[in-house]
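S.K.: A single structure is presented below for examination.
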Amino acid sequence: MRIGFTTSFPVEVILAAGHTPVDLNNLFILNKPENYVDMAEKDGFPRTICSWIKGIYAVSMEKCVDEVIGIVQGDCSNTHSLLSTLELEGIPIQYFSYPYPKDRSKLMKEIERLEEIYKVSYTQVIEVKKRLDQIRKKLIHLDELTWIYNKVTGKENHTWLVSSTDFNGDPDQFEKDLDEFLCEVNDRLPLKINLRLAFLGVPPIISDLYDYLESMNTQVVYNEVQRQFSMPTLCDDLVDQYLHFTYPYSVQDRMKDITLELERRNVSAVIGYTQSFCHRQIDHFLMKKYIKIPFMNLEGDQPGVLDARTKLRIESFLEIHGEN
Ligand code: SF4
């Protein structure tokens, strides 16, 4: 079966059961996302609901997946309603919850429940995890090629890390493509960077954001949430891995990771990205309070390219904080 999901969760279980994981966010954003938003609004989704939710709804309605797993705690406040809507449309649904507050035994129970649903043993799941960790090690190398060696662009870093939520549905092919990319990168000269940036928040809905930043000789050397999606801690234990994953827990969990990475990556300025109508805007208000380097809030709404006003705002921010 092709099993769609709404954010990163223990994908090892799905692969161990022989199914194909499909990150519905990636499916939405890579395939004419404007059309999917239109489709959802025509079906009655209000204008004041986040575009990602509308996109996930619309791609699920196209029946390109056989079942949807909604992450009902630790991701999005809209997921319960989204799942109800899909269920009423006849789409089989399952759910997964990250415990709040973070709790090892509750998370373990939740993973065991998933294993029961998909009829796999913990041993089978751990075997898959070991396989995926071989690929994740290569993604760590790709990340280092971004922030230590300046050979991978922020956009490339974003694309690879965000794709590791479902390994494009085929981990073996993903690894092959990654090997080829890493081989090609080896021959590159380091990029000239005027300003080292961090991108904090959910992946952007704006298609040309990274291109625009790069056109101004700046590079994103830290993609916070995308890096978290790639599970860079490589814990031996599956439960530990999903306890270290900061995205589903508190803003304090995220801040510990962010503070460490901003420092070791020598980041000079931060772009704090939020999505219109998203509850995570509150987290960014807190982040801005505690991060002591220049911080620019950027809000995305509809899928598409940067508008002129936002370009001007970014340009001014980069000019003020760039090292000319
Ligand atoms: S951006 Fe926010 S509101 Fe939109 S799907 Fe993600 S968590 Fe939900």
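Every chain in the structure tokens has a letter given in the order shown (A, B, ...), and although residue numbers restart at 1 in each chain, ligands are simply numbered from 1 in the order shown.
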Report the closest atom pair, with its distance in Å rounded to one decimal, for each residue of stretch 48-138 of chain A that has an atom no farther than 12 Å from stretch 157-180 of chain A; count only C-alpha atoms, sort by chain and then rising residue number, and write it as a Markdown table.

M.R.:
```
| residue | atom | partner | partner_atom | distance |
| --- | --- | --- | --- | --- |
| A:Val65 | CA | A:Gly169 | CA | 11.7 |
| A:Val128 | CA | A:Pro171 | CA | 10.1 |
| A:Lys129 | CA | A:Pro171 | CA | 11.2 |
| A:Arg131 | CA | A:Pro171 | CA | 8.7 |
| A:Leu132 | CA | A:Pro171 | CA | 7.3 |
| A:Asp133 | CA | A:Pro171 | CA | 10.7 |
| A:Gln134 | CA | A:Glu175 | CA | 9.0 |
| A:Ile135 | CA | A:Glu175 | CA | 6.1 |
| A:Arg136 | CA | A:Ser164 | CA | 8.1 |
| A:Lys137 | CA | A:Glu175 | CA | 10.7 |
| A:Lys138 | CA | A:Leu178 | CA | 7.9 |
```

S.K.: List all protein, DNA and RNA residues that have any atom at most 7 Å from ligand 1, counting only C-alpha atoms and all ligand atoms, and write the list as an mmCIF file with all heavy atoms, in the first residue's frame.

M.R.:
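Done, and the output landed in pocket-v3.cif:
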```cif
data_model
loop_
_atom_site.group_PDB
_atom_site.id
_atom_site.type_symbol
_atom_site.label_atom_id
_atom_site.label_comp_id
_atom_site.auth_asym_id
_atom_site.auth_seq_id
_atom_site.Cartn_x
_atom_site.Cartn_y
_atom_site.Cartn_z
ATOM 1 N N CYS A 50 -4.500 27.217 6.926
ATOM 2 C CA CYS A 50 -3.163 27.103 6.337
ATOM 3 C C CYS A 50 -3.173 26.333 5.003
ATOM 4 O O CYS A 50 -3.841 25.301 4.873
ATOM 5 C CB CYS A 50 -2.282 26.406 7.367
ATOM 6 S SG CYS A 50 -0.851 25.615 6.704
ATOM 7 N N SER A 51 -2.395 26.827 4.047
ATOM 8 C CA SER A 51 -2.358 26.222 2.710
ATOM 9 C C SER A 51 -1.836 24.782 2.734
ATOM 10 O O SER A 51 -2.200 23.968 1.891
ATOM 11 C CB SER A 51 -1.470 27.044 1.776
ATOM 12 O OG SER A 51 -2.053 28.291 1.548
ATOM 13 N N TRP A 52 -0.945 24.479 3.677
ATOM 14 C CA TRP A 52 -0.419 23.098 3.730
ATOM 15 C C TRP A 52 -1.549 22.109 4.035
ATOM 16 O O TRP A 52 -1.606 21.020 3.474
ATOM 17 C CB TRP A 52 0.675 22.981 4.808
ATOM 18 C CG TRP A 52 1.956 23.645 4.424
ATOM 19 C CD1 TRP A 52 2.377 24.874 4.812
ATOM 20 C CD2 TRP A 52 2.992 23.127 3.568
ATOM 21 N NE1 TRP A 52 3.604 25.159 4.260
ATOM 22 C CE2 TRP A 52 4.000 24.100 3.502
ATOM 23 C CE3 TRP A 52 3.153 21.933 2.850
ATOM 24 C CZ2 TRP A 52 5.164 23.929 2.747
ATOM 25 C CZ3 TRP A 52 4.315 21.753 2.102
ATOM 26 C CH2 TRP A 52 5.303 22.742 2.049
ATOM 27 N N ILE A 53 -2.441 22.495 4.926
ATOM 28 C CA ILE A 53 -3.562 21.615 5.282
ATOM 29 C C ILE A 53 -4.453 21.406 4.054
ATOM 30 O O ILE A 53 -4.878 20.290 3.756
ATOM 31 C CB ILE A 53 -4.356 22.231 6.467
ATOM 32 C CG1 ILE A 53 -3.560 22.057 7.752
ATOM 33 C CG2 ILE A 53 -5.748 21.644 6.613
ATOM 34 C CD1 ILE A 53 -3.429 20.614 8.231
ATOM 35 N N ASP A 75 2.143 17.987 15.998
ATOM 36 C CA ASP A 75 2.358 18.638 14.700
ATOM 37 C C ASP A 75 1.423 19.824 14.550
ATOM 38 O O ASP A 75 1.762 20.941 14.901
ATOM 39 C CB ASP A 75 2.167 17.632 13.568
ATOM 40 C CG ASP A 75 2.348 18.259 12.195
ATOM 41 O OD1 ASP A 75 3.120 19.226 12.083
ATOM 42 O OD2 ASP A 75 1.716 17.792 11.225
ATOM 43 N N CYS A 76 0.217 19.550 14.078
ATOM 44 C CA CYS A 76 -0.635 20.645 13.636
ATOM 45 C C CYS A 76 -1.991 20.602 14.334
ATOM 46 O O CYS A 76 -2.606 19.527 14.428
ATOM 47 C CB CYS A 76 -0.818 20.534 12.132
ATOM 48 S SG CYS A 76 -1.908 21.787 11.478
ATOM 49 N N SER A 77 -2.448 21.764 14.763
ATOM 50 C CA SER A 77 -3.726 21.833 15.470
ATOM 51 C C SER A 77 -4.920 21.530 14.551
ATOM 52 O O SER A 77 -6.033 21.323 15.013
ATOM 53 C CB SER A 77 -3.891 23.231 16.095
ATOM 54 O OG SER A 77 -3.740 24.210 15.095
ATOM 55 N N ASN A 78 -4.677 21.495 13.237
ATOM 56 C CA ASN A 78 -5.776 21.243 12.293
ATOM 57 C C ASN A 78 -5.946 19.764 11.933
ATOM 58 O O ASN A 78 -6.881 19.420 11.206
ATOM 59 C CB ASN A 78 -5.508 21.999 10.977
ATOM 60 C CG ASN A 78 -5.507 23.493 11.176
ATOM 61 O OD1 ASN A 78 -6.434 24.048 11.734
ATOM 62 N ND2 ASN A 78 -4.443 24.146 10.739
ATOM 63 N N VAL A 202 8.893 25.752 9.771
ATOM 64 C CA VAL A 202 8.441 24.728 8.820
ATOM 65 C C VAL A 202 8.998 25.054 7.427
ATOM 66 O O VAL A 202 9.278 26.217 7.133
ATOM 67 C CB VAL A 202 6.885 24.642 8.757
ATOM 68 C CG1 VAL A 202 6.324 24.152 10.073
ATOM 69 C CG2 VAL A 202 6.262 25.966 8.340
ATOM 70 N N THR A 274 7.289 31.447 9.189
ATOM 71 C CA THR A 274 6.023 30.870 9.671
ATOM 72 C C THR A 274 5.016 30.877 8.529
ATOM 73 O O THR A 274 5.155 31.618 7.549
ATOM 74 C CB THR A 274 5.420 31.671 10.846
ATOM 75 O OG1 THR A 274 5.314 33.037 10.453
ATOM 76 C CG2 THR A 274 6.258 31.548 12.101
ATOM 77 N N GLN A 275 4.003 30.073 8.714
ATOM 78 C CA GLN A 275 2.949 29.970 7.718
ATOM 79 C C GLN A 275 1.741 30.755 8.238
ATOM 80 O O GLN A 275 1.445 30.713 9.436
ATOM 81 C CB GLN A 275 2.611 28.484 7.545
ATOM 82 C CG GLN A 275 1.659 28.171 6.452
ATOM 83 C CD GLN A 275 2.208 28.478 5.054
ATOM 84 O OE1 GLN A 275 3.405 28.353 4.815
ATOM 85 N NE2 GLN A 275 1.348 28.908 4.170
ATOM 86 N N PHE A 277 -1.753 31.685 9.435
ATOM 87 C CA PHE A 277 -2.805 30.940 10.148
ATOM 88 C C PHE A 277 -2.264 29.722 10.901
ATOM 89 O O PHE A 277 -3.009 28.794 11.198
ATOM 90 C CB PHE A 277 -3.939 30.501 9.198
ATOM 91 C CG PHE A 277 -4.384 31.586 8.258
ATOM 92 C CD1 PHE A 277 -4.194 31.480 6.888
ATOM 93 C CD2 PHE A 277 -4.972 32.743 8.761
ATOM 94 C CE1 PHE A 277 -4.585 32.489 6.031
ATOM 95 C CE2 PHE A 277 -5.373 33.755 7.910
ATOM 96 C CZ PHE A 277 -5.175 33.629 6.539
ATOM 97 N N CYS A 278 -0.952 29.718 11.187
ATOM 98 C CA CYS A 278 -0.353 28.573 11.888
ATOM 99 C C CYS A 278 -0.120 28.908 13.363
ATOM 100 O O CYS A 278 0.406 29.970 13.690
ATOM 101 C CB CYS A 278 0.971 28.211 11.231
ATOM 102 S SG CYS A 278 1.826 26.893 12.101
ATOM 103 N N HIS A 279 -0.480 27.977 14.223
ATOM 104 C CA HIS A 279 -0.284 28.181 15.667
ATOM 105 C C HIS A 279 1.191 28.307 16.028
ATOM 106 O O HIS A 279 1.551 28.866 17.066
ATOM 107 C CB HIS A 279 -0.907 27.014 16.444
ATOM 108 C CG HIS A 279 -0.324 25.683 16.086
ATOM 109 N ND1 HIS A 279 0.588 25.050 16.890
ATOM 110 C CD2 HIS A 279 -0.478 24.894 14.993
ATOM 111 C CE1 HIS A 279 0.944 23.903 16.317
ATOM 112 N NE2 HIS A 279 0.316 23.787 15.172
ATOM 113 N N ARG A 280 2.088 27.821 15.175
ATOM 114 C CA ARG A 280 3.515 27.867 15.475
ATOM 115 C C ARG A 280 4.078 29.298 15.419
ATOM 116 O O ARG A 280 5.232 29.533 15.771
ATOM 117 C CB ARG A 280 4.292 26.944 14.528
ATOM 118 C CG ARG A 280 4.060 25.474 14.851
ATOM 119 C CD ARG A 280 4.856 24.546 13.974
ATOM 120 N NE ARG A 280 4.525 23.160 14.271
ATOM 121 C CZ ARG A 280 5.133 22.402 15.180
ATOM 122 N NH1 ARG A 280 6.118 22.905 15.891
ATOM 123 N NH2 ARG A 280 4.766 21.159 15.384
#
```

S.K.: Show which residues sit within 9 Å of A:Ile126, as a PyMOL selection string. Count only C-alpha atoms, and ignore same-chain residues fewer than 5 positions away.

M.R.: chain A and resi 12-13+16+121+131+236-238

S.K.: Go through A:Leu298, A:Leu286, A:Asp66, A:Ala17 one by one, measure the shortest atom-to-atom distance of each to A:Ser250 using only C-alpha atoms, and give the residue with the smallest value.

M.R.: A:Leu286

S.K.: Quick one: residues within 8 Å of A:Thr6, only C-alpha atoms counted, chain neighbours fewer than 2 positions away excluded, as a PyMOL selection string?

M.R.: chain A and resi 4+8+23-25+56+68-71

S.K.: Residues within 10 Å of stretch 306-317 of chain A, please, as a list of chain:residue names. Count only C-alpha atoms; anything in the same chain fewer than 5 positions from it doesn't count.

M.R.: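 Skipping anything fewer than 5 positions along the chain leaves A:Ile205, A:Ile206, A:Ser207, A:Asp208, A:Leu209, A:Tyr212, A:Leu213, A:Met216, A:Ala269, A:Ile271, A:Pro294, A:Phe295, A:Met296, A:Asn297, A:Leu298, A:Glu299, A:Gly300, A:Gly322.
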
S.K.: Which one of A:Val59, A:Leu243, A:Val267, A:Ile293 sits closest to A:Lys106 if you count only C-alpha atoms?

M.R.: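 Counting only C-alpha atoms, the residue closest to A:Lys106 is A:Leu243.
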
S.K.: Atom CA of A:Arg265 and atom CA of A:Val11, how far apart in Å?

M.R.: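 Going from atom CA of A:Val11 over to atom CA of A:Arg265, I get 28.9 Å.
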
S.K.: Can you pull out every residue within 10 Å of A:Ile291, counting only C-alpha atoms, but drop anything in the same chain fewer than 6 positions away, and send it as a short mmCIF file (atom, residue, chain, number, x, y, z; two decimals) with C-alpha atoms, in the first residue's frame?

M.R.:
```cif
data_model
loop_
_atom_site.label_atom_id
_atom_site.label_comp_id
_atom_site.auth_asym_id
_atom_site.auth_seq_id
_atom_site.Cartn_x
_atom_site.Cartn_y
_atom_site.Cartn_z
CA MET A 255 15.56 26.14 21.30
CA ILE A 258 18.77 25.86 17.69
CA THR A 259 21.08 27.56 20.19
CA LEU A 262 23.55 28.67 15.55
CA ALA A 269 21.39 36.15 11.03
CA VAL A 270 18.15 34.21 11.22
#
```

S.K.: Near A:Asn35, within 10 Å and counting only C-alpha atoms, which residues show up once chain neighbours fewer than 6 positions away are dropped, as a PDB file with C-alpha atoms, in the first residue's frame?

M.R.:
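Dumped everything to out.pdb:
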```pdb
ATOM      1  CA  PHE A  28       1.591  18.671  -2.468  1.00  0.00           C
ATOM      2  CA  GLU A  41     -11.155  25.938  -1.316  1.00  0.00           C
ATOM      3  CA  GLY A  55      -2.767  20.808   0.045  1.00  0.00           C
ATOM      4  CA  ALA A  58      -6.424  17.796  -1.863  1.00  0.00           C
ATOM      5  CA  PRO A 303       2.230  28.673  -2.734  1.00  0.00           C
TER       6      PRO A 303
END
```

S.K.: Where in stretch 16-252 of chain A does DSSP assign strand (DSSP E), given as a PyMOL selection string?

M.R.: chain A and resi 20-23+67-73+93-97+195-200+218-223

S.K.: Between A:Lys109, A:Tyr57, A:Asp301, A:Val221, which has the minimum distance to A:Leu195 (counting only C-alpha atoms)?

M.R.: A:Val221

S.K.: Run DSSP on the backbone and tell me which residues of stretch 121-278 of chain A come out as alpha helix (DSSP H); list them as a ChimeraX atom specification.

M.R.: /A:122-147,154-163,171-186,209-215,224-229,238-244,251-264

S.K.: Choose the residue, out of A:Leu200, A:Leu139, A:Val152, A:Gly272, that has the smallest atom-to-atom separation from A:Asn186; count only C-alpha atoms.

M.R.: A:Val152

S.K.: Taking only C-alpha atoms into account, name the residue in A:Asn194, A:Gln73, A:Gln124, A:Gln302 that is nearest to A:Glu34.

M.R.: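 Closest residue, counting only C-alpha atoms: A:Gln302.
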
S.K.: Nearest to A:Cys64: which of A:Thr48, A:Thr20, A:Ser105, A:Thr85 is it, counting only C-alpha atoms?

M.R.: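 The answer is A:Thr20, which sits nearest to A:Cys64.
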